[in-house]
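Structure record follows, encoded as structure tokens.
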Amino acid sequence: MGLVLPYIVVQKSGRCDYRRYFPAPLVPFVPGCQKLVKRSLGRVDDPTFDQHHRAATKEYERLLSLAVKARDKAYDPLDPPTIAWLAETFVAEQLEADDGSRWDPGERELYLGIVGDLEARGIPHRASWRPEDPLRWASKARETASWSLDFHRSLRAAGDLEGICSSHKDDAELLLEAHGYVVNPSDIIGMQSLCRALNDACIRVAEAKLKRLDGDDVPTALPPARPAERASDLPRAKAQVPLLATFDAYASSQGVTPGVRDEWRRYVARLVDWLGHDDASKLTASDLRTWRDELLAETTHKGTLRDPVTVRDKYITSVRAALNWAVEEQLLDHNVARDVTVRIPKKAKVRDRSFTTEEARAILAATLQKSSDRLSITHARARRWIPWLCAYSGARVNEFSQLRAEDVFEEDGIWAARITPEAGSVKTKEARVVPLHSHLIDQGFLKVVKGVGSGPLFYDPLAQRVEKEGTRHFKKVGERLAQWVRKDVGVDDPDIMPNHAWRHTFKSMSYDAGIEERVADAIQGHAPKTTGRTYGSVSLSAKAAAVEKIPRFCTNQVVRDCSSS
């Protein structure tokens, strides 16, 4: 199994890009306000691919560190030792570059290539040095160094501070950024001092280059030792981290499904209303525990106390997930929700979570009854077929309520349904293929699919009243089916979930039928329980053979042992 590298986008050509976005709250503090680091990596099999990926990651982390320092106002002082170090570093870098270009034949070849191109085009050209001169590079370098020496000396001689800052401000900012310094934007005197130091450094560089051009041995000094890190004298302000914006950024980067995103955002918004502010940096574990206790003591619209499972899995979990993302992105130092727990009293188990034989028979028998004329065609179709589809596959109701006609297909003589995120929401975000039990085919399900032709089988997308990504019509189908089971069919035991119980029922039946657990998990879309089970995949033929081991449901006698359709 190959190593999976993050933040890679594969182009149609097969070439890859590194794309990693900065957290939105940090973008204003990133140098240049850039939103992401984007680098070309080449192809995966290129020998330099990993090297480019590491370099891009290092660049992202460097810029992220600068942004965090700027946001937190953790400014580095532009004191005399720091300015002296930066100036010496500038001199060393400039002389190292000069030494490299002096012995680099590529520069000379580039010049000859440009000259040849100009001559071929008939374009006149002129240089102050002789192109045929083997010392042409030296002539050009001498001209440049002489100009630089005269220019920077004149600025120093005239005391032209404005001209010095205008000439060196960009170089100063690039030098600071390259070496990880973040300075206070209001430190005008410090920046002026740095620009003066760089002007003097340019004079030293020009003098050294001219001596080299005269044949003197002027070695490039080793980079100076960096001054010891020390805390800024300025107070370090704690930056605000908007809680709702942080959740939005988390949901976007994590790819949270629209339905879950909107639901969880309501819980986070409720916390913001309760706190009276929208700053995650001010949130404490004590705040969350008090909020938790109030939620548990609150009476819901049903007239009962809020379920502790709801408080844990929805309210606290949504906040914890957002804060955890903020810690990973260095927006917060720690997650105050990490140790906030909700105790769940153990409930007395009064029954299994599967349907009883009588309950399953009642639901399936009700699907065969003629629907009311007031029901839409799609909802009548949902009542007729979704319970049967779930009974023979253990799939989630909303996985089938979003099924499209084109998702039903035949492969190697096996009819199957493709449950895919392309059609809507899939909890695992992974497509899977579920074989259709022969009893479904004998009842005429394929004829229904053929009659629809294309598009959703069980809802009309044009009937969706709210144009919103998280408002999915197929979820309403599941909700109406649950209401129908409880109110009309009469399966109203509060300890059974009218939709989800099909999953437990199928699992129980798979044990009775001797179906291998790994195969049953593949049919139902359950995550593998061990790492070893992630290797390989269960074939469609193996899943189809397993599904056929499930006895046909009957509605006129004991449900599980009917052999006729």
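Residue numbers start at 1 in each chain; chains themselves are named A, B, ... in the order of the structure tokens; ligands are numbered from 1 in the order shown.
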
I need the residues of stretch 329-435 of chain A that end up classed as alpha helix (DSSP H) by DSSP on the backbone, written out as a ChimeraX atom specification. /A:357-367,377-391,397-401

Shell around stretch 179-194 of chain A at 6 Å using only C-alpha atoms, local window under 3 positions removed, as an MDAnalysis selection string: chainID A and resid 75:76 78 83 176 197

Dump N, CA and C atoms for the selected residues as a compact mmCIF listing (two decimals), in the first residue's frame?
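selection_13.txt was written with the following content:
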```txt
# COMPACT_ATOMS: atom_id res chain seq x y z
N TYR A 75 5.31 40.30 17.96
CA TYR A 75 6.26 40.98 17.08
C TYR A 75 7.70 40.75 17.53
N ASP A 76 8.57 40.64 16.54
CA ASP A 76 10.01 40.58 16.80
C ASP A 76 10.55 41.99 16.85
N LEU A 78 12.89 45.12 16.28
CA LEU A 78 13.94 45.57 15.35
C LEU A 78 14.96 46.36 16.15
N ILE A 83 19.00 44.05 13.70
CA ILE A 83 19.28 44.78 12.46
C ILE A 83 20.68 44.45 11.95
N LEU A 176 12.97 40.04 6.02
CA LEU A 176 12.30 39.70 7.28
C LEU A 176 11.44 38.46 7.12
N ALA A 197 20.67 50.29 7.33
CA ALA A 197 21.67 49.22 7.43
C ALA A 197 21.80 48.48 6.10
```

Close residues, A:Val327 itself excluded, 12 Å, only C-alpha atoms, min 5 positions apart in chain, as a PyMOL selection string: chain A and resi 23+68+241+246+250+280-281+320-322+332-338

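By chain and then residue number, the residues within 12 Å of A:Gly453 are Arg404, Ala405, Glu406, Asp407, Val408, Phe409, Leu446, Lys447, Val448, Val449 and Leu457 of chain A, counting only C-alpha atoms and disregarding those fewer than 4 positions away in sequence.
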
Just N, CA and C atoms for this one: save the residues we selected as a compact mmCIF listing (two decimals), in the first residue's frame.
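Output (again.txt):
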```
# COMPACT_ATOMS: atom_id res chain seq x y z
N ARG A 404 -31.64 6.71 -7.69
CA ARG A 404 -32.06 7.14 -9.03
C ARG A 404 -32.22 5.92 -9.93
N ALA A 405 -33.01 6.07 -10.96
CA ALA A 405 -33.23 4.95 -11.87
C ALA A 405 -31.91 4.48 -12.48
N GLU A 406 -31.03 5.43 -12.81
CA GLU A 406 -29.76 5.07 -13.44
C GLU A 406 -28.80 4.37 -12.48
N ASP A 407 -29.14 4.37 -11.17
CA ASP A 407 -28.29 3.67 -10.20
C ASP A 407 -28.60 2.18 -10.13
N VAL A 408 -29.65 1.74 -10.81
CA VAL A 408 -30.01 0.32 -10.85
C VAL A 408 -29.47 -0.25 -12.16
N PHE A 409 -28.67 -1.31 -12.07
CA PHE A 409 -27.99 -1.81 -13.26
C PHE A 409 -27.77 -3.32 -13.14
N LEU A 446 -37.89 -3.99 -11.09
CA LEU A 446 -37.19 -3.55 -12.29
C LEU A 446 -38.14 -2.88 -13.28
N LYS A 447 -39.38 -3.31 -13.32
CA LYS A 447 -40.36 -2.67 -14.20
C LYS A 447 -40.63 -1.24 -13.76
N VAL A 448 -40.67 -1.06 -12.44
CA VAL A 448 -40.88 0.30 -11.91
C VAL A 448 -39.72 1.19 -12.31
N VAL A 449 -38.49 0.67 -12.16
CA VAL A 449 -37.29 1.45 -12.51
C VAL A 449 -37.31 1.81 -13.99
N LEU A 457 -36.15 8.03 -7.95
CA LEU A 457 -37.30 7.12 -7.96
C LEU A 457 -38.36 7.53 -6.93
```

Near A:Leu95, counting only C-alpha atoms, which residues have an atom at most 9 Å away, once you skip same-chain residues fewer than 4 positions from it, shown as an mmCIF file with N, CA and C atoms, in the first residue's frame?
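Okay, selection_15.cif is ready:
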```
data_model
loop_
_atom_site.group_PDB
_atom_site.id
_atom_site.type_symbol
_atom_site.label_atom_id
_atom_site.label_comp_id
_atom_site.auth_asym_id
_atom_site.auth_seq_id
_atom_site.Cartn_x
_atom_site.Cartn_y
_atom_site.Cartn_z
ATOM 1 N N PHE A 90 22.328 39.674 4.782
ATOM 2 C CA PHE A 90 22.101 40.207 3.430
ATOM 3 C C PHE A 90 23.409 40.237 2.643
ATOM 4 N N VAL A 91 24.498 40.715 3.266
ATOM 5 C CA VAL A 91 25.800 40.769 2.600
ATOM 6 C C VAL A 91 26.258 39.366 2.207
ATOM 7 N N ASP A 99 29.191 34.935 -6.275
ATOM 8 C CA ASP A 99 30.168 33.870 -6.491
ATOM 9 C C ASP A 99 29.594 32.780 -7.383
ATOM 10 N N GLY A 100 28.302 32.480 -7.202
ATOM 11 C CA GLY A 100 27.680 31.447 -8.020
ATOM 12 C C GLY A 100 27.563 31.855 -9.473
ATOM 13 N N VAL A 205 28.712 45.376 -0.355
ATOM 14 C CA VAL A 205 28.607 44.341 -1.388
ATOM 15 C C VAL A 205 29.215 44.838 -2.691
ATOM 16 N N ALA A 208 32.995 44.916 -2.457
ATOM 17 C CA ALA A 208 33.559 43.568 -2.503
ATOM 18 C C ALA A 208 33.511 43.008 -3.927
ATOM 19 N N LYS A 209 32.419 43.247 -4.653
ATOM 20 C CA LYS A 209 32.307 42.760 -6.032
ATOM 21 C C LYS A 209 33.373 43.401 -6.924
ATOM 22 N N PRO A 219 36.693 36.327 -0.080
ATOM 23 C CA PRO A 219 35.846 35.171 0.207
ATOM 24 C C PRO A 219 34.470 35.591 0.737
ATOM 25 N N THR A 220 33.504 34.712 0.508
ATOM 26 C CA THR A 220 32.157 34.933 1.052
ATOM 27 C C THR A 220 32.139 34.478 2.503
ATOM 28 N N ALA A 221 31.806 35.382 3.383
ATOM 29 C CA ALA A 221 31.779 35.049 4.809
ATOM 30 C C ALA A 221 30.644 34.079 5.112
#
```

Write out as a PyMOL selection string the residues lying within 12 Å of stretch 361-369 of chain A, counting only C-alpha atoms and excluding same-chain residues fewer than 5 positions away. chain A and resi 355-356+379-392+443+481-482+484-492+498-499+501-502+552-562

Quote the spacing between atom CA of A:Val309 and atom CA of A:Glu359 in Å to one decimal place. 26.2 Å

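For the residues A:Asp217, A:Asp307, A:Asp17, A:Asp442, ranking by smallest atom-to-atom distance to A:Phe49 using only C-alpha atoms places A:Asp17 first.
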